[in-house]
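Novice: Right, I'll just put the structure down here and ask away after.
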Amino acid sequence: MCKKTMKGKALHINKHMASMEVVVGTYEEVLVGLHLRKVDDVYTLTESFTDKSNIGSIKCVAISQHGLLASGGSDEIIHIFNLENHRLVGTLTHHSGTVTNVAFYRKSALFSTSEDGTLCAWRVGSWEHRTFKGHKGPVNCVAVHPSGKLALTVGQDRSLRTWNLVDGRPAFVSNIKEPADHVVWSPDGQHYLVVTGKRMDVYSVEDGQILRSIPTEHKVNRIVFITDNMVVFGGEGKIRRDAEEKEKAILFFVDVTDGTEVHRVKTQSTRIRDMAVCQSHEEPESTDKWLTTVASEGDINIYRVNASQKKVETDLILSRNITLRLTCVAVSSPKSQESDAAGKISRRQKRKQAAIKKEPDSDDEPSPKVVKKNPTTTVKSTPTPKPKKLQVAIEQETDSSEPNGEVSPSSSGRQLAKKKLTKKKFRVTASASSGPLLIAVREQQSMKTKSKKKKLESPPTTGTKKTQKKVRIAEPAQVESKMKSKKKKQKIKSHA
């Protein structure tokens with residue numbers, strides 16, 4: 001379960017103050033949430049929550065547009081959290097290997113890859129899934145086209161596979177020379193990159209051919225697009241020959257159209273593990289981006305990036321170390337405090353409107369009624385085509401002698417209920433919840449079966465009560481006199 005470990009001090013919040021959630025995974029099996037705020041032109045990164053639901057080290061995290069957090073790792077389980085209340089929503093236990101990558105597509109789907117060689121597509125909400133099989137080894141990464149119709153996966157089997165998400169079938173398989181670690185789409189969907197060790201291959205969507213290969217100085221641990229034609233990547237620091245220590249890692253900005261390096265940023269970390277990009281914190285409508293990087297030493301750096309065609313400007317706005325070995329990072333889209341308050345107010349208004357709609361008026365009869373059988377499924381009972389509507393109900397008789405008006409299970413109450421259930425028309429008097437309605441239906445069915453059994457047990461009668469003749473038992477003397485009179489009449493007839 002989620003639990004808050006630290007709360008920020010009470011500060012005076014400006015109306016135009018913005019906030020952003022930063023979530024990092026660690027080797028220590030801990031998921032840490034950090035809240036970025038700007039107060040009086042000063043940025044602070046305070047801890048908002050920690051969670052230790054994962055059994056093994058956390059390999060990947062992702063945040064959806066509507067505030068869901070997904071994390072996966074060596075425990076083979078995907079954990080789903082709600083970022084609004086920082087609580088665990090549920091777990092997805094389909095994979096049989098380490099979860100290597102998770103990625104949300106807008107608000108509708110979640111994609112996950114695993115060392116079991118499968119790609120899974122999950123429907124957000126119902127969490128129904130579809131499994132795509134084809135790789136002959138662990139799958140390292142998945143990338144979904146901006147249109148949501150195609151997905152790319154790479155793995156240890158040295159293959160790049162294209163999946164048709166509309167039909168749910170494999171579309172194309174291409175063999176590559178080395179196991180690929182990463183695959184990523186450009187924001188405009190015109191090309192994609194595949195990273196293999198110290199090389200990046202740029203592919204064209206039109207023919208699926210390699211446009212150019214870009215060599216790198218170090219191993220690439222993570223790569224993201226800043227613009228449609230510019231990427232930033234980071235990885236391992238270079239090892240010095242004259243010393244055992246590594247050089248500091250560098251962030252490289254490269255234009256993929258010609259493969260030229262545009263800009264580089266020296267960091268204070270030796271190994272950059274992951275990075276994430278979002279819109280500008282201060283001006284979401286501008287072209288500026290926010291770049292968040294995490295390192296194995298526990299360093300979290302947030303940069304402001306202004307990128308044009310052949311020019312990049314970066315500014316480090318915040319740096320913090322949390323003394324944990326970091327593996328992955330995900331950030332939420334920045335929202336202003338006013339939009340957060342408006343969102344909360346609108347959610348409250350929606351709940352009130354829904355509650356008002358649920359309450360039926362006393363004069364108007366609700367039609368049709370909804371009877372809940374399971375917490376997940378609902379069955380709608382449509383009105384019958386009879387001229388007179390038949391409604392099912394149950395009445396509870398209260399005894400005034402009992403305190404607090406409790407229901408008395410007396411025989412008179414049962415008789416009243418039986419009489420009312422035998423009428424042609426029933427009236428709803430109890431609440432319209434699923435429990436009493438189902439009980440009423442069962443009681444009506446049991447009463448009908450009892451009445452049928454009684455009819456079968458009673459002896460059959462011929463005719464109505466008016467046509468039935470009464471049978472009287474005669475005495476023996478009367479019977480003998482009648483017999484003698486019959487014999488005399490027969491003798492007289494025979495003589496005649």
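A note on labels: chains of the structure tokens are A, B, ... as shown, every chain counts residues from 1, and ligands are counted from 1 in their shown order.
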Neighbouring residues of region 58-62 of chain A were defined as those with any atom within 6 Å, considering only C-alpha atoms; residues of the same chain fewer than 2 positions away were excluded. Please report them as a PyMOL selection string.
Specialist: chain A and resi 25-26+29+69-73+101+103+328+330
Novice: Mind the document's chain letters and residue numbers, and return as a PyMOL selection string the residues of region 40-256 of chain A that DSSP labels strand (DSSP E).
Specialist: chain A and resi 42-51+58-63+68-73+78-82+87-92+99-105+109-114+118-123+129-133+139-144+150-155+159-164+169-175+182-185+191-196+199-204+210-215+220-225+230-235+250-255
Novice: Any idea what's packed within 8 Å of region 231-237 of chain A, counting only C-alpha atoms, ignoring anything in its chain fewer than 2 positions away? Could you give it as a VMD selection string?
Specialist: chain A and resid 218 to 227 229 239 246 to 256 270 to 273
Novice: Output the selection as an mmCIF file, in the first residue's frame - N, CA, C and O atoms for each residue.
Specialist:
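Wrote it out as out10.cif, contents follow:
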```
data_model
loop_
_atom_site.group_PDB
_atom_site.id
_atom_site.type_symbol
_atom_site.label_atom_id
_atom_site.label_comp_id
_atom_site.auth_asym_id
_atom_site.auth_seq_id
_atom_site.Cartn_x
_atom_site.Cartn_y
_atom_site.Cartn_z
ATOM 1 N N HIS A 218 29.592 6.473 -26.688
ATOM 2 C CA HIS A 218 29.334 5.633 -25.524
ATOM 3 C C HIS A 218 28.097 4.780 -25.775
ATOM 4 O O HIS A 218 27.326 5.005 -26.723
ATOM 5 N N LYS A 219 27.918 3.818 -24.912
ATOM 6 C CA LYS A 219 26.710 2.997 -24.984
ATOM 7 C C LYS A 219 25.499 3.852 -24.624
ATOM 8 O O LYS A 219 25.509 4.585 -23.635
ATOM 9 N N VAL A 220 24.444 3.729 -25.414
ATOM 10 C CA VAL A 220 23.230 4.524 -25.223
ATOM 11 C C VAL A 220 22.282 3.764 -24.295
ATOM 12 O O VAL A 220 21.857 2.654 -24.607
ATOM 13 N N ASN A 221 21.966 4.371 -23.167
ATOM 14 C CA ASN A 221 21.008 3.778 -22.234
ATOM 15 C C ASN A 221 19.581 4.270 -22.453
ATOM 16 O O ASN A 221 18.629 3.571 -22.110
ATOM 17 N N ARG A 222 19.438 5.471 -23.015
ATOM 18 C CA ARG A 222 18.096 6.016 -23.252
ATOM 19 C C ARG A 222 18.182 7.096 -24.311
ATOM 20 O O ARG A 222 19.150 7.853 -24.369
ATOM 21 N N ILE A 223 17.134 7.152 -25.164
ATOM 22 C CA ILE A 223 17.054 8.152 -26.219
ATOM 23 C C ILE A 223 15.613 8.627 -26.341
ATOM 24 O O ILE A 223 14.681 7.814 -26.272
ATOM 25 N N VAL A 224 15.424 9.936 -26.509
ATOM 26 C CA VAL A 224 14.085 10.523 -26.664
ATOM 27 C C VAL A 224 14.159 11.618 -27.719
ATOM 28 O O VAL A 224 15.222 12.203 -27.963
ATOM 29 N N PHE A 225 13.020 11.907 -28.339
ATOM 30 C CA PHE A 225 12.902 12.983 -29.314
ATOM 31 C C PHE A 225 12.567 14.285 -28.600
ATOM 32 O O PHE A 225 11.659 14.332 -27.762
ATOM 33 N N ILE A 226 13.277 15.344 -28.960
ATOM 34 C CA ILE A 226 12.971 16.690 -28.486
ATOM 35 C C ILE A 226 12.053 17.397 -29.475
ATOM 36 O O ILE A 226 11.069 18.037 -29.101
ATOM 37 N N THR A 227 12.369 17.282 -30.768
ATOM 38 C CA THR A 227 11.527 17.789 -31.851
ATOM 39 C C THR A 227 11.334 16.666 -32.861
ATOM 40 O O THR A 227 11.756 15.524 -32.629
ATOM 41 N N ASN A 229 12.843 16.217 -35.593
ATOM 42 C CA ASN A 229 14.100 15.819 -36.237
ATOM 43 C C ASN A 229 15.298 15.840 -35.298
ATOM 44 O O ASN A 229 16.435 15.664 -35.763
ATOM 45 N N ILE A 239 35.613 5.502 -19.814
ATOM 46 C CA ILE A 239 36.582 5.020 -18.816
ATOM 47 C C ILE A 239 37.978 5.570 -19.158
ATOM 48 O O ILE A 239 38.442 5.457 -20.292
ATOM 49 N N LYS A 246 35.467 6.654 -13.829
ATOM 50 C CA LYS A 246 34.885 6.972 -15.127
ATOM 51 C C LYS A 246 34.759 8.479 -15.291
ATOM 52 O O LYS A 246 34.670 9.216 -14.319
ATOM 53 N N GLU A 247 34.732 8.902 -16.544
ATOM 54 C CA GLU A 247 34.428 10.298 -16.818
ATOM 55 C C GLU A 247 32.932 10.528 -16.629
ATOM 56 O O GLU A 247 32.122 9.603 -16.612
ATOM 57 N N LYS A 248 32.587 11.780 -16.493
ATOM 58 C CA LYS A 248 31.185 12.119 -16.310
ATOM 59 C C LYS A 248 30.417 11.897 -17.607
ATOM 60 O O LYS A 248 30.933 12.090 -18.712
ATOM 61 N N ALA A 249 29.150 11.461 -17.431
ATOM 62 C CA ALA A 249 28.310 11.191 -18.597
ATOM 63 C C ALA A 249 27.922 12.496 -19.283
ATOM 64 O O ALA A 249 27.872 13.560 -18.655
ATOM 65 N N ILE A 250 27.621 12.406 -20.592
ATOM 66 C CA ILE A 250 27.302 13.572 -21.409
ATOM 67 C C ILE A 250 25.949 13.354 -22.091
ATOM 68 O O ILE A 250 25.642 12.243 -22.539
ATOM 69 N N LEU A 251 25.160 14.426 -22.177
ATOM 70 C CA LEU A 251 23.924 14.420 -22.950
ATOM 71 C C LEU A 251 24.232 14.973 -24.344
ATOM 72 O O LEU A 251 24.754 16.086 -24.480
ATOM 73 N N PHE A 252 23.893 14.191 -25.376
ATOM 74 C CA PHE A 252 24.167 14.578 -26.754
ATOM 75 C C PHE A 252 22.855 14.931 -27.457
ATOM 76 O O PHE A 252 21.882 14.151 -27.408
ATOM 77 N N PHE A 253 22.828 16.069 -28.144
ATOM 78 C CA PHE A 253 21.696 16.486 -28.971
ATOM 79 C C PHE A 253 22.114 16.349 -30.438
ATOM 80 O O PHE A 253 23.087 16.991 -30.869
ATOM 81 N N VAL A 254 21.388 15.521 -31.195
ATOM 82 C CA VAL A 254 21.773 15.183 -32.561
ATOM 83 C C VAL A 254 20.588 15.408 -33.491
ATOM 84 O O VAL A 254 19.442 15.055 -33.160
ATOM 85 N N ASP A 255 20.884 15.962 -34.662
ATOM 86 C CA ASP A 255 19.882 16.134 -35.720
ATOM 87 C C ASP A 255 19.882 14.875 -36.577
ATOM 88 O O ASP A 255 20.901 14.521 -37.193
ATOM 89 N N VAL A 256 18.750 14.166 -36.631
ATOM 90 C CA VAL A 256 18.701 12.876 -37.325
ATOM 91 C C VAL A 256 18.620 13.032 -38.839
ATOM 92 O O VAL A 256 18.814 12.052 -39.566
ATOM 93 N N THR A 270 28.057 9.596 -13.537
ATOM 94 C CA THR A 270 28.876 8.694 -14.348
ATOM 95 C C THR A 270 28.037 7.775 -15.239
ATOM 96 O O THR A 270 28.556 7.199 -16.187
ATOM 97 N N ARG A 271 26.752 7.665 -14.945
ATOM 98 C CA ARG A 271 25.908 6.752 -15.735
ATOM 99 C C ARG A 271 24.477 7.265 -15.748
ATOM 100 O O ARG A 271 23.801 7.233 -14.718
ATOM 101 N N ILE A 272 24.011 7.717 -16.890
ATOM 102 C CA ILE A 272 22.623 8.162 -17.054
ATOM 103 C C ILE A 272 21.772 6.940 -17.387
ATOM 104 O O ILE A 272 22.012 6.260 -18.388
ATOM 105 N N ARG A 273 20.775 6.665 -16.556
ATOM 106 C CA ARG A 273 19.971 5.448 -16.720
ATOM 107 C C ARG A 273 18.706 5.697 -17.538
ATOM 108 O O ARG A 273 18.299 4.845 -18.324
#
```
Novice: Hey, which of A:Ala143, A:Ala295, A:Met230, A:Val265 ends up closest to Ile322 (chain A)? Count only C-alpha atoms.
Specialist: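 The shortest atom-to-atom distance to Ile322 (chain A) comes from A:Ala295.
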Novice: Here is a test: counting only C-alpha atoms, which residue of A:Gly148, A:Gly56, A:Pro187, A:Gly33 is nearest to Asp228 (chain A)?
Specialist: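 Between A:Gly148, A:Gly56, A:Pro187, A:Gly33, the residue approaching Asp228 (chain A) most closely is A:Pro187.
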Novice: Please report the interatomic distance between CA of Asp207 (chain A) and CA of Ala121 (chain A) in Å with one decimal.
Specialist: 25.9 Å
Novice: To one decimal place in Å, what is the distance between CA of Phe81 (chain A) and CA of Glu285 (chain A)?
Specialist: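 Computing the Euclidean distance for CA of Phe81 (chain A) and CA of Glu285 (chain A) yields 28.2 Å.
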Novice: Between CA of Cys278 (chain A) and CA of Val331 (chain A), what is the distance, to one decimal in Å?
Specialist: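 Between CA of Cys278 (chain A) and CA of Val331 (chain A) the gap works out to 7.2 Å.
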Novice: So which one's closest to Thr50 (chain A), A:Leu68, A:Met483, A:Leu88, A:Val184? Using only C-alpha atoms, please.
Specialist: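 Using only C-alpha atoms, Thr50 (chain A) sits closest to A:Leu88.
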Novice: From the set A:Met275, A:Val22, A:Val205, A:Val329, which residue has the shortest atom-to-atom contact distance to Leu36 (chain A), counting only C-alpha atoms?
Specialist: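 Checking each candidate against Leu36 (chain A), we get A:Val22 as the closest.
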Novice: Using only C-alpha atoms, determine which residues lie at most 10 Å from Gly155 (chain A), disregarding the query and same-chain residues fewer than 3 positions distant; provide the list as a ChimeraX atom specification.
Specialist: /A:113-115,117,135-142,158-161,178-183
Novice: With only C-alpha atoms as the atoms that count, which of A:Val202, A:Gly125, A:Asn306, A:Asp157 lies nearest to Ile176 (chain A)?
Specialist: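 Comparing A:Val202, A:Gly125, A:Asn306, A:Asp157 against Ile176 (chain A), the winner is A:Asp157.
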